[in-house]
Amino acid sequence: MSFSSDEVNFLVYRYLQESGFQHSAYTFGIESHISQSNINGALVPPAALLNILQKGLQYIEAEISLAEDGTEQKLVESLSLIDAVMPDVVASRQNQQNQQKQAIRTEITDTNGEEAVVSTKNENMEVDNSIEIPSSKATVLRGHESEVFICAWNPTTDLLASGSGDSTARIWDMSDNNATPNQLVLRHCIQKGGTEVPSNKDVTSLDWNCDGTLLATGSYDGYARIWTTDGRLASTLGQHKGPIFALKWNKRGNYILSAGVDKTTIIWDAASGQCTQQFSFHSAPALDVDWQTNTSFASCSTDQCIHVCKLTVDKPIKSFQGHTNEVNAIKWDPQGILLASCSDDMTLKIWSMKQDNCVHDLQAHAKEIYTIKWSPTGPGTQNPNMNLILASASFDSTVRLWDVERGACIHTLLKHTEPVYSVAFSPDGKFLASGSFDKCVHIWSTQSGQLVHSYKGTGGIFEVCWNSRGDKVGASASDGSVFVLDLRKL
């Protein structure tokens, strides 16, 4: 058996990517020269590092549980990964097992002097089959050659866009008159020696403009691009130095906003493709951006700060500090009054332009909070008679729904067993979809907190999204698959 440092580095790189540490993965990839290795990432399955670690752990547990006479006795307590790499702990557990085996032999005998059989019953959790969506009811879209980080429905048609580590975005036509969905492949190329070559960089962000005529994509090659619905590249936006982590159209559709590893945020003129203004206020990579109005926006960063900036103003109009670790995502409420932020410090904070300190500091999650979404309900929305809710998704495998006015958690959604990467509200606000690395997409009632539908895919879920009518849910996964659940068929 042999393995190289390149192979180890590649598995660590993929683990960082799959765990959501995108900027750490980028830095590690540069330092370890991942791009120069000849490993075909498309052939490496998701969670490869965890699988090999798990097998190593099982091997050590098997060694401990195997007695000298060749009989096997189940471990009373599972071995942790840290225990398994400590020889003293392993030796101690082996001694305990041998002593216990001896004790069982002498103490647990029946009247004939034969060993009694001790059985442990494994009770399975009951699953409500009416909730499970069978695979026959899902449309699985194959084509991507690497993990699919993001997907988004066109706001006016049933076109679903997806972005992947294979350096492509794709547009899938999911309209009802298409028995076999067509796919357009949007190849992200760069100029090299006068010719166009694939960038070989991840497409990690994409967003449709408000009328669904244009798609913007952001890539780790440092370029943002604008595409038409028929797959034509309309313009390439080049100003960032390094990967783009987030990008968003404003409501009017005349500007695009992007955030990058180069610590800057940029407002682009969508018509000309030119940089209108670059903001350099963060001291570390900018991770997320969100428009407040058509000309003002918020940005967050690994520097733990949040800045609110405005076009033509050369310094932030407001800055918020209070998080004690990286701020992963920010979202303005539907009226642009309250700003929500979530962080690796395990807290969710609500901010207002009227004060410097946070309005609410919501502490309930046990691990990092990866993303947040506001419900499309309350004043200023299509559903004004429903209360405004905020959803948070965490690496602690839970989703929480919050009543922001009271600063209280309404529901804790507990069915996921791995980190939750994405949440999305249905357009009417009555349902929430969540996607996790346990490969499951769950659909919940926002009123009762009950699980309504559940579907298990073939890879860890990076993104979930609803179409504009609220009858289809799209999801993208770590194994290169994209799938659509048509809720009308259920």
# chains A, B, ... in the order shown; residues from 1 in each chain; ligands from 1
>>> residues_around(residues="range 384-390 of chain A", least_positions_apart="5", cutoff="10 Å", atoms="only C-alpha atoms", output="list in words")
Lys331, Asp333, Pro334, Ala340, Ile372, Lys373, Trp374, Ser375, Pro376, Thr377, Gly378, Pro379, Arg400, Leu401, Trp402, Asp403, Val404, Glu405, Cys409, Ile410, Phe425, Asp428, Gly429, Lys430, Thr446 and Gln447 of chain A
>>> residues_around(residues="Gly474 in chain A", least_positions_apart="5", cutoff="8 Å", atoms="only C-alpha atoms", output="PyMOL selection string")
chain A and resi 151-153+160+464-467+482-485
>>> write_last_selection(atoms="N, CA, C and O atoms", output="mmCIF file, in the first residue's frame")
data_model
loop_
_atom_site.group_PDB
_atom_site.id
_atom_site.type_symbol
_atom_site.label_atom_id
_atom_site.label_comp_id
_atom_site.auth_asym_id
_atom_site.auth_seq_id
_atom_site.Cartn_x
_atom_site.Cartn_y
_atom_site.Cartn_z
ATOM 1 N N CYS A 151 -27.719 26.262 -7.434
ATOM 2 C CA CYS A 151 -28.746 26.217 -8.477
ATOM 3 C C CYS A 151 -29.770 27.304 -8.197
ATOM 4 O O CYS A 151 -29.946 27.722 -7.045
ATOM 5 N N ALA A 152 -30.439 27.780 -9.249
ATOM 6 C CA ALA A 152 -31.418 28.872 -9.098
ATOM 7 C C ALA A 152 -32.408 28.830 -10.253
ATOM 8 O O ALA A 152 -32.020 28.665 -11.415
ATOM 9 N N TRP A 153 -33.693 28.973 -9.906
ATOM 10 C CA TRP A 153 -34.746 29.022 -10.921
ATOM 11 C C TRP A 153 -34.821 30.407 -11.551
ATOM 12 O O TRP A 153 -34.679 31.416 -10.869
ATOM 13 N N LEU A 160 -33.888 26.139 -14.992
ATOM 14 C CA LEU A 160 -33.101 25.977 -13.771
ATOM 15 C C LEU A 160 -31.630 26.089 -14.124
ATOM 16 O O LEU A 160 -31.137 25.369 -14.995
ATOM 17 N N VAL A 464 -30.847 24.319 -2.302
ATOM 18 C CA VAL A 464 -32.248 24.042 -2.655
ATOM 19 C C VAL A 464 -32.910 25.356 -3.074
ATOM 20 O O VAL A 464 -32.533 26.423 -2.597
ATOM 21 N N CYS A 465 -33.889 25.276 -3.984
ATOM 22 C CA CYS A 465 -34.564 26.496 -4.441
ATOM 23 C C CYS A 465 -35.954 26.147 -4.982
ATOM 24 O O CYS A 465 -36.180 25.038 -5.473
ATOM 25 N N TRP A 466 -36.884 27.108 -4.863
ATOM 26 C CA TRP A 466 -38.260 26.952 -5.361
ATOM 27 C C TRP A 466 -38.434 27.720 -6.661
ATOM 28 O O TRP A 466 -37.874 28.813 -6.826
ATOM 29 N N ASN A 467 -39.249 27.181 -7.572
ATOM 30 C CA ASN A 467 -39.603 27.974 -8.753
ATOM 31 C C ASN A 467 -40.633 29.036 -8.371
ATOM 32 O O ASN A 467 -41.175 29.027 -7.260
ATOM 33 N N VAL A 482 -28.130 17.136 -10.274
ATOM 34 C CA VAL A 482 -29.111 18.187 -10.014
ATOM 35 C C VAL A 482 -30.455 17.468 -10.106
ATOM 36 O O VAL A 482 -30.621 16.596 -10.959
ATOM 37 N N PHE A 483 -31.399 17.773 -9.223
ATOM 38 C CA PHE A 483 -32.694 17.116 -9.370
ATOM 39 C C PHE A 483 -33.837 18.079 -9.072
ATOM 40 O O PHE A 483 -33.653 19.107 -8.416
ATOM 41 N N VAL A 484 -34.992 17.722 -9.607
ATOM 42 C CA VAL A 484 -36.191 18.543 -9.457
ATOM 43 C C VAL A 484 -37.317 17.687 -8.899
ATOM 44 O O VAL A 484 -37.571 16.580 -9.397
ATOM 45 N N LEU A 485 -37.962 18.186 -7.856
ATOM 46 C CA LEU A 485 -39.139 17.540 -7.269
ATOM 47 C C LEU A 485 -40.364 18.325 -7.717
ATOM 48 O O LEU A 485 -40.482 19.509 -7.402
#
>>> residues_around(residues="Ser392 in chain A", least_positions_apart="5", cutoff="12 Å", atoms="only C-alpha atoms", output="number ranges by chain")
A: 328-331, 340-343, 346-349, 362-365, 367-375, 397-404, 409-413, 419-425, 432-435
>>> select_by_dssp(residues="range 148-394 of chain A", states="strand (DSSP E)", output="ChimeraX atom specification")
/A:148-153,159-164,168-173,183-187,189-192,195-198,203-208,214-219,223-228,233-238,244-249,255-260,265-269,275-279,286-291,296-301,305-310,318-321,327-332,338-343,347-352,360-363,369-374,389-394
>>> residues_around(residues="Arg232 in chain A", least_positions_apart="6", cutoff="12 Å", atoms="only C-alpha atoms", output="list in words")
Ala169, Arg170, Ile171, Leu184, Val185, Leu186, Arg187, His188, Thr213, Leu214, Leu215, Ala216, Arg225 and Ile226 of chain A
>>> residues_around(residues="Ser283 in chain A", least_positions_apart="6", cutoff="9 Å", atoms="only C-alpha atoms", output="MDAnalysis selection string")
chainID A and resid 263:264 301:303 305
>>> write_last_selection(atoms="all heavy atoms", output="mmCIF file, in the first residue's frame")
data_model
loop_
_atom_site.group_PDB
_atom_site.id
_atom_site.type_symbol
_atom_site.label_atom_id
_atom_site.label_comp_id
_atom_site.auth_asym_id
_atom_site.auth_seq_id
_atom_site.Cartn_x
_atom_site.Cartn_y
_atom_site.Cartn_z
ATOM 1 N N LYS A 263 -10.786 40.776 -0.947
ATOM 2 C CA LYS A 263 -11.253 41.662 0.132
ATOM 3 C C LYS A 263 -12.154 42.791 -0.360
ATOM 4 O O LYS A 263 -12.533 43.661 0.416
ATOM 5 C CB LYS A 263 -10.083 42.276 0.923
ATOM 6 C CG LYS A 263 -9.038 41.274 1.385
ATOM 7 C CD LYS A 263 -7.853 41.989 2.016
ATOM 8 C CE LYS A 263 -6.699 41.029 2.261
ATOM 9 N NZ LYS A 263 -5.519 41.716 2.809
ATOM 10 N N THR A 264 -12.491 42.778 -1.660
ATOM 11 C CA THR A 264 -13.278 43.890 -2.205
ATOM 12 C C THR A 264 -14.670 43.455 -2.639
ATOM 13 O O THR A 264 -14.929 42.267 -2.868
ATOM 14 C CB THR A 264 -12.591 44.544 -3.424
ATOM 15 O OG1 THR A 264 -12.705 43.678 -4.564
ATOM 16 C CG2 THR A 264 -11.127 44.833 -3.147
ATOM 17 N N SER A 301 -17.644 39.523 5.831
ATOM 18 C CA SER A 301 -16.293 39.056 5.549
ATOM 19 C C SER A 301 -15.771 38.120 6.642
ATOM 20 O O SER A 301 -16.348 38.014 7.731
ATOM 21 C CB SER A 301 -15.375 40.286 5.432
ATOM 22 O OG SER A 301 -14.020 39.952 5.554
ATOM 23 N N THR A 302 -14.667 37.475 6.325
ATOM 24 C CA THR A 302 -13.961 36.697 7.350
ATOM 25 C C THR A 302 -13.335 37.610 8.401
ATOM 26 O O THR A 302 -12.877 37.131 9.433
ATOM 27 C CB THR A 302 -12.856 35.819 6.721
ATOM 28 O OG1 THR A 302 -11.901 36.654 6.087
ATOM 29 C CG2 THR A 302 -13.417 34.853 5.696
ATOM 30 N N ASP A 303 -13.326 38.929 8.150
ATOM 31 C CA ASP A 303 -12.774 39.872 9.140
ATOM 32 C C ASP A 303 -13.768 40.174 10.272
ATOM 33 O O ASP A 303 -13.507 41.021 11.130
ATOM 34 C CB ASP A 303 -12.314 41.187 8.473
ATOM 35 C CG ASP A 303 -13.478 42.002 7.875
ATOM 36 O OD1 ASP A 303 -14.658 41.643 8.099
ATOM 37 O OD2 ASP A 303 -13.194 42.998 7.176
ATOM 38 N N CYS A 305 -16.563 41.666 10.203
ATOM 39 C CA CYS A 305 -17.270 42.957 10.073
ATOM 40 C C CYS A 305 -18.338 42.917 8.990
ATOM 41 O O CYS A 305 -18.254 42.140 8.038
ATOM 42 C CB CYS A 305 -16.281 44.072 9.732
ATOM 43 S SG CYS A 305 -15.114 44.413 11.046
#
>>> closest_residue(among="A:Asp88, A:Asp6, A:Asp207, A:Glu31", to="Gly253 in chain A", atoms="only C-alpha atoms")
A:Asp207
